[in-house]
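Data block below; observations after.
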Amino acid sequence: METQIKDLKARIVFNSRGEKAFEVDVIVGESVGRASAPAGASTGGGEAVPFPPSGPEGAVEAFKAYSNKFIGFDACDIEGLAELLHQIDPSPSFTNIGGAAAFAITVAAVDAASKALKVPMFKLIGGDKVYAHPYPLGNVLGGGKHAGEGSPDIQEFLSIPVGSRRVYDAIYANILVHKDVRRLIEKLDKTFAGGKGDEGAWAPNLNDLNALEVVSTAVNNVSDKIGFKVKMGIDFASGSLFDPKTGVYNYSRRGVKLTKEEQINFVLSIIDKYSPAYIEDPLFEDDFEGFATLTKASKNTLIVGDDIFVTNSSLLLKGAEIGAGNGVILKVNQVGPLGDAIGFAKVAKANKYTIVVSHRSGESVDPHLAHIALGVSSEIMKSGVVGGERIAKLNELIRIDELYGPLKMMKVIK
Ligand code: 2PG
Ligand code: MG
């Protein structure tokens, strides 16, 4: 069957944070593929810009001028679509058309091809291979740029059920941790009214040290109850803590300022005390050496780079040379086209990095993230725990398991 693009349309809709989001419909045969671009709040300096200077409306106007170039193009040709987008906008960060458009066009095209061919999207991305589920990683308590004053300085305290054998049980384990975290917060703060941050994690009036205790207790409680190991993860989102002018990490809520060495020691003390499975962005994005030092020093904890690599293959190769990190965040909209993100996953695999396919804090209700995670054989999918836009990705894994499984779980650090 032919999978040529017959037509495509763009519009502005809204994401889970109520911001304007770029959405595209791609028509293949009688099928409509659809995708809307997510958006970050704590972004890395090297990310594709979401919109041209003329904003979301300008991005839709620009789309009208170039979209006819995609008519007749094969919607399955993920790499070709990326190339065409780079021809249309040769700027390094999609400043002319916006990275949001590059995301939405390429993901909607594969969605359309998938519907037309009746082949699941993950197989169009990953081809003929043995598929296994990524471990769901979800934010259960948080602060930083995703929540208000008074919440922790650290952006995300996460849960990852590393001992689970089935994806359904893994997803449920994170939900149980999320529930237990609320119970534990209420014990510490009688006035807690159940407030949540952008990704559905509880946003309590607690400092980082209390938050670490709460989440570590909750993952241990749930491990005991459910009969397999659930571990803690942390995303420092250091770009939000680091002040480039003074060169210190500013934990304003606790009134603490840490030098680079002190920050490294703080991270190592957390690893020592809580044995988290996962640490993301423990240092500012320019600090490749610092990442390498931490990676060497932490045997059983993944050191994952988000803002340092921004889904960019050259930055990852630079990191790989010195052993900066052993895990990478893959966010398609950080780079733009799906094809570029798949290229990044190949570089990550070749250099033995664990891949974490991730949502953004401002999300759509699209389930596509689950297919991208499976398609690139990621070990972990970071997509929150509750909230419609988060659960949409997790429920898709459950459906895939029923329709094409049961699939094994990927191997992840224990
Ligand atoms: C992160 C993400 C997702 P944002 O820092 O990893 O959790 O947040 O989308 O705001 O960059
Ligand atoms: Mg991050």
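Labels for the structure tokens follow display order: chains A, B, ..., residues from 1 in each chain, ligands from 1.
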Dump as a Markdown table the rows for residues of chain A within 8 Å of ligand 1: closest atom pair and distance in Å with one decimal, only C-alpha atoms and all ligand atoms counted, ordered by chain and rising residue number.
```
| residue | atom | partner | partner_atom_place_in_ligand_line | distance |
| --- | --- | --- | --- | --- |
| A:Pro38 | CA | ligand 1 | 9 (O) | 7.9 |
| A:Ala39 | CA | ligand 1 | 9 (O) | 6.0 |
| A:Gly40 | CA | ligand 1 | 9 (O) | 3.3 |
| A:Ala41 | CA | ligand 1 | 10 (O) | 3.5 |
| A:Ser42 | CA | ligand 1 | 11 (O) | 4.1 |
| A:Thr43 | CA | ligand 1 | 11 (O) | 4.8 |
| A:Gly44 | CA | ligand 1 | 11 (O) | 7.6 |
| A:Asn139 | CA | ligand 1 | 7 (O) | 7.5 |
| A:Lys145 | CA | ligand 1 | 10 (O) | 7.2 |
| A:His146 | CA | ligand 1 | 10 (O) | 6.8 |
| A:Gln155 | CA | ligand 1 | 5 (O) | 7.5 |
| A:Glu156 | CA | ligand 1 | 7 (O) | 7.3 |
| A:Glu199 | CA | ligand 1 | 7 (O) | 7.3 |
| A:Asp235 | CA | ligand 1 | 6 (O) | 6.7 |
| A:Ala237 | CA | ligand 1 | 5 (O) | 5.5 |
| A:Glu280 | CA | ligand 1 | 6 (O) | 7.7 |
| A:Asp306 | CA | ligand 1 | 6 (O) | 6.4 |
| A:Asp307 | CA | ligand 1 | 5 (O) | 7.6 |
| A:Ile329 | CA | ligand 1 | 6 (O) | 7.6 |
| A:Ser358 | CA | ligand 1 | 3 (C) | 6.6 |
| A:His359 | CA | ligand 1 | 3 (C) | 5.7 |
| A:Arg360 | CA | ligand 1 | 9 (O) | 3.2 |
| A:Ser361 | CA | ligand 1 | 9 (O) | 3.8 |
| A:Gly362 | CA | ligand 1 | 9 (O) | 6.3 |
| A:Lys382 | CA | ligand 1 | 7 (O) | 7.4 |
| A:Ser383 | CA | ligand 1 | 7 (O) | 7.5 |
| A:Gly384 | CA | ligand 1 | 7 (O) | 7.7 |
```
Let's have the selection written as a compact mmCIF listing (two decimals), in the first residue's frame, with N, CA and C atoms.
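Writing done, so here's selection34.txt:
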```
# COMPACT_ATOMS: atom_id res chain seq x y z
N PRO A 38 5.03 18.76 22.48
CA PRO A 38 5.08 19.10 23.90
C PRO A 38 6.04 20.27 24.12
N ALA A 39 6.15 20.74 25.36
CA ALA A 39 7.05 21.88 25.65
C ALA A 39 7.66 21.73 27.04
N GLY A 40 8.90 22.16 27.17
CA GLY A 40 9.59 22.09 28.45
C GLY A 40 9.53 23.40 29.21
N ALA A 41 9.73 23.30 30.54
CA ALA A 41 9.87 24.51 31.37
C ALA A 41 11.33 24.69 31.75
N SER A 42 12.00 23.57 32.06
CA SER A 42 13.43 23.64 32.38
C SER A 42 14.17 23.14 31.15
N THR A 43 14.54 24.06 30.28
CA THR A 43 15.09 23.66 28.99
C THR A 43 16.61 23.84 28.95
N GLY A 44 17.26 23.01 28.13
CA GLY A 44 18.70 23.14 27.94
C GLY A 44 19.00 24.21 26.90
N ASN A 139 7.59 10.81 38.13
CA ASN A 139 7.75 11.87 39.09
C ASN A 139 6.66 11.76 40.17
N LYS A 145 11.19 24.33 38.80
CA LYS A 145 10.40 25.11 37.83
C LYS A 145 9.03 24.50 37.56
N HIS A 146 8.75 23.31 38.11
CA HIS A 146 7.46 22.66 37.85
C HIS A 146 6.42 22.92 38.93
N GLN A 155 14.00 19.46 41.25
CA GLN A 155 12.81 19.44 40.41
C GLN A 155 11.98 18.16 40.54
N GLU A 156 12.65 17.00 40.58
CA GLU A 156 11.87 15.76 40.52
C GLU A 156 12.44 14.66 41.41
N GLU A 199 3.72 18.05 36.34
CA GLU A 199 3.71 16.67 35.86
C GLU A 199 2.90 15.73 36.75
N ASP A 235 15.79 13.94 39.50
CA ASP A 235 16.23 14.87 38.45
C ASP A 235 16.52 16.21 39.11
N ALA A 237 17.70 18.74 37.65
CA ALA A 237 17.50 19.84 36.69
C ALA A 237 18.44 20.99 37.05
N GLU A 280 19.52 12.33 37.33
CA GLU A 280 19.53 13.09 36.07
C GLU A 280 20.02 14.52 36.33
N ASP A 306 20.44 15.19 30.48
CA ASP A 306 19.28 15.75 29.77
C ASP A 306 19.74 17.05 29.09
N ASP A 307 19.85 18.13 29.86
CA ASP A 307 20.23 19.43 29.28
C ASP A 307 21.65 19.44 28.72
N ILE A 329 18.80 11.23 28.21
CA ILE A 329 17.40 11.56 27.98
C ILE A 329 17.22 11.76 26.47
N SER A 358 11.72 10.46 27.03
CA SER A 358 11.05 11.29 28.05
C SER A 358 9.97 12.22 27.52
N HIS A 359 8.96 12.39 28.34
CA HIS A 359 7.92 13.40 28.15
C HIS A 359 8.50 14.80 28.45
N ARG A 360 7.67 15.83 28.27
CA ARG A 360 8.00 17.18 28.72
C ARG A 360 7.00 17.59 29.79
N SER A 361 7.33 18.65 30.51
CA SER A 361 6.40 19.08 31.57
C SER A 361 5.09 19.62 30.97
N GLY A 362 5.14 20.21 29.79
CA GLY A 362 3.92 20.61 29.09
C GLY A 362 3.64 19.57 28.01
N LYS A 382 10.34 7.83 30.69
CA LYS A 382 10.02 8.79 31.76
C LYS A 382 8.78 9.55 31.34
N SER A 383 7.67 9.30 32.03
CA SER A 383 6.43 9.92 31.56
C SER A 383 5.45 10.22 32.69
N GLY A 384 5.97 10.47 33.90
CA GLY A 384 5.07 10.79 35.00
C GLY A 384 4.35 9.56 35.50
```
### Task
Once DSSP has gone over the backbone, tell me which residues of range 65-304 of chain A are in alpha helix (DSSP H), as a ChimeraX atom specification.
/A:65-66,78-88,99-117,121-126,167-188,208-226,260-274,288-297
### Query
From the set A:Leu158, A:Ala211, A:Met409, A:Ile342, which residue has the shortest atom-to-atom contact distance to ligand 2, counting only C-alpha atoms and all ligand atoms?
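Between A:Leu158, A:Ala211, A:Met409, A:Ile342, the residue approaching ligand 2 most closely is A:Leu158.
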### Residues flagged strand (DSSP E) by DSSP in range 114-323 of chain A, as a ChimeraX atom specification
/A:135-142,156-160,231-235,242-243,248-251,256-258,278-280,302-305
### Query
Rounded to one decimal in Å, what is the spacing between CA of Met232 in chain A and CA of Gly144 in chain A?
17.9 Å
### Task
Using only C-alpha atoms, pick whichever of A:Ala37, A:Leu283, A:Leu403, A:Val167 has the shortest atom-to-atom distance to Pro136 in chain A.
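Going through A:Ala37, A:Leu283, A:Leu403, A:Val167 one by one, the smallest distance to Pro136 in chain A is for A:Val167.
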### Summary
Leu407 in chain A proximity check over A:Val110, A:Val140, A:Ala132, A:Ile185, using only C-alpha atoms: winner is A:Ala132
#### Entry: Near-Tyr404 in chain A list (12 Å; only C-alpha atoms; drop same-chain fewer than 2 positions) as a list of chain:residue names
A:Val119, A:Pro120, A:Phe122, A:Lys123, A:Val130, A:Tyr131, A:Ala132, A:His133, A:Leu374, A:Glu396, A:Leu397, A:Ile398, A:Arg399, A:Ile400, A:Asp401, A:Glu402, A:Pro406, A:Leu407, A:Lys408
### Top pick for closest residue to ligand 2, considering A:Gly138, A:Gly387, A:Pro367, A:Gly58 and counting only C-alpha atoms and all ligand atoms
A:Gly138
### A:Phe157, A:Tyr274, A:Phe266, A:Phe70 ranked by distance to ligand 2, top pick (using only C-alpha atoms and all ligand atoms)
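Using only C-alpha atoms and all ligand atoms, ligand 2 sits closest to A:Phe157.
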### Query
Which residue gives the smallest distance to Ala108 in chain A among A:Met121, A:Ile171, A:Ile264, A:Ile71, with only C-alpha atoms counted?
A:Met121
### Near-Asp272 in chain A list (12 Å; only C-alpha atoms; drop same-chain fewer than 2 positions) as an MDAnalysis selection string
chainID A and resid 265:270 274:277 297:301
Show which residues sit within 12 Å of Lys20 in chain A, as a PDB file with C-alpha atoms, in the first residue's frame. Count only C-alpha atoms, and ignore same-chain residues fewer than 6 positions away.
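Below is the file part_12.pdb, written as the result:
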```pdb
ATOM      1  CA  ARG A  11      -3.310  24.420  13.961  1.00  0.00           C
ATOM      2  CA  ILE A  12      -2.641  25.817  17.413  1.00  0.00           C
ATOM      3  CA  VAL A  13      -4.070  23.828  20.312  1.00  0.00           C
ATOM      4  CA  PHE A  14      -3.053  23.823  24.005  1.00  0.00           C
ATOM      5  CA  SER A  36       0.990  17.982  18.882  1.00  0.00           C
ATOM      6  CA  ALA A  37       4.340  19.124  20.173  1.00  0.00           C
ATOM      7  CA  PRO A  38       5.082  19.099  23.905  1.00  0.00           C
ATOM      8  CA  ALA A  39       7.049  21.878  25.654  1.00  0.00           C
ATOM      9  CA  PRO A  50       9.925  25.739  19.662  1.00  0.00           C
ATOM     10  CA  PHE A  51       8.710  28.667  17.562  1.00  0.00           C
ATOM     11  CA  GLY A  55       5.519  32.902  17.830  1.00  0.00           C
ATOM     12  CA  PRO A  56       3.089  29.987  17.412  1.00  0.00           C
ATOM     13  CA  GLU A  57       0.885  31.935  14.986  1.00  0.00           C
ATOM     14  CA  ALA A  59       4.872  29.073  12.878  1.00  0.00           C
ATOM     15  CA  VAL A  60       1.460  28.229  11.400  1.00  0.00           C
ATOM     16  CA  ALA A 100       7.595  22.245  17.406  1.00  0.00           C
ATOM     17  CA  GLY A 362       3.915  20.613  29.090  1.00  0.00           C
ATOM     18  CA  GLU A 363       2.456  17.569  27.314  1.00  0.00           C
ATOM     19  CA  SER A 364      -0.198  16.513  24.828  1.00  0.00           C
TER      20      SER A 364
END
```
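Residues within 9 Å of Asp153 in chain A, counting only C-alpha atoms and excluding same-chain residues fewer than 5 positions away, are Gly142, Gly143, Gly144, Lys145, Asn207, Asp208, Phe236, Ser240, Leu241, Asn250, Tyr251, Ser252, Arg253 and Arg254 of chain A.
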### Query
Can you tell me, as a PyMOL selection string, what residues are no more than 8 Å from Val412 in chain A when counting only C-alpha atoms, ignoring any on the same chain fewer than 4 positions away?
chain A and resi 135+162+354+379-380
Please produce a file of the residues just selected, as a PDB file, in the first residue's frame, where the atoms kept are C-alpha atoms.
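Okay, this is what ended up in selection02.pdb:
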```
ATOM      1  CA  TYR A 135      10.772   0.602  32.708  1.00  0.00           C
ATOM      2  CA  VAL A 162      13.467  -2.022  38.628  1.00  0.00           C
ATOM      3  CA  THR A 354      21.064   3.685  28.650  1.00  0.00           C
ATOM      4  CA  GLU A 379      15.478   0.924  28.662  1.00  0.00           C
ATOM      5  CA  ILE A 380      13.398   3.542  30.482  1.00  0.00           C
TER       6      ILE A 380
END
```
